[in-house]
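**Q** Once you've had a glance at the structure underneath, I'll fire off some questions.
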Amino acid sequence: MVRTPLTPEERERGERLGRLLRAARGDRSMAEVAARAGISPETLRKIETGRAPTPAFFTVAALAGTLGLSMDELAGQCALVPV
């Protein structure tokens with residue numbers, strides 16, 4: 001399967017999501033948060049660093065629940081900003 005390249009805006013949105021999740025994680029370790037969310041620490045690392053800018057919905061939902069974030073809050077803060 002060939003993926004369509006991401007636009008710069010989509011990459012920025014992924015980076016924004018990563019920053020939000022990293023800030024919400026705070027002092028907790030990646031391993032702890034990943035285990036509670038049911039994902040691998042490497043997946044969390046990729047999301048937080050923007051290397052996985054389009055994570056699966058259920059992955060984001062699991063992380064949001066683990067970190068005490070609402071999906072509405074995440075969507076609002078990660079939405080593409082009109083130029």
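Labels used: A, B, ... for chains in the order of the structure tokens, numbers from 1 for residues in each chain, and numbers from 1 for ligands as shown.
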Residues within 6 Å of Gly18 of chain A, please, as a list of chain:residue names. Count only C-alpha atoms; anything in the same chain fewer than 3 positions from it doesn't count.

**A**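 Counting only the stated atoms, we get A:Glu15, A:Leu21, A:Ile47, A:Glu48, A:Thr49, A:Gly50.
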
**Q** Output C-alpha atoms for every residue in that selection, as a compact mmCIF listing (two decimals), in the first residue's frame.

**A**
```txt
# COMPACT_ATOMS: atom_id res chain seq x y z
CA GLU A 15 3.76 17.57 16.11
CA LEU A 21 0.56 14.47 24.98
CA ILE A 47 3.64 10.03 18.49
CA GLU A 48 5.27 12.42 20.95
CA THR A 49 8.11 13.24 18.56
CA GLY A 50 5.84 13.68 15.54
```

**Q** So which residues of chain A fall under alpha helix (DSSP H) by DSSP, listed as a PyMOL selection string?

**A** chain A and resi 8-25+30-37+41-49+57-67+71-78

**Q** Can you pull out the residues contacting Leu74 of chain A? Cut-off 10 Å, using only C-alpha atoms, and skip same-chain residues under 5 positions away; I want them as a list of chain:residue names.

**A**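 Once the adjacent positions are removed, what remains is A:Arg16, A:Leu17, A:Leu20, A:Leu21, A:Val60, A:Ala61, A:Ala64, A:Leu69, A:Ala79.
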
**Q** In terms of the shortest atom-to-atom distance over only C-alpha atoms, which of A:Ala31, A:Gln77, A:Thr66, A:Ala52 is closest to Arg11 of chain A?

**A**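 Among the listed residues, the smallest separation from Arg11 of chain A belongs to A:Ala52.
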
**Q** For Ala56 of chain A, which residue out of A:Ala35, A:Asp72, A:Gly14, A:Arg28 is the nearest one, using only C-alpha atoms?

**A**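 For Ala56 of chain A, the nearest of the given residues is A:Gly14.
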
**Q** Enter the distance from atom CA of Arg3 of chain A to atom CA of Glu73 of chain A, in Å, rounded to one decimal.

**A**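 Atom-to-atom, atom CA of Arg3 of chain A and atom CA of Glu73 of chain A are spaced 28.0 Å apart.
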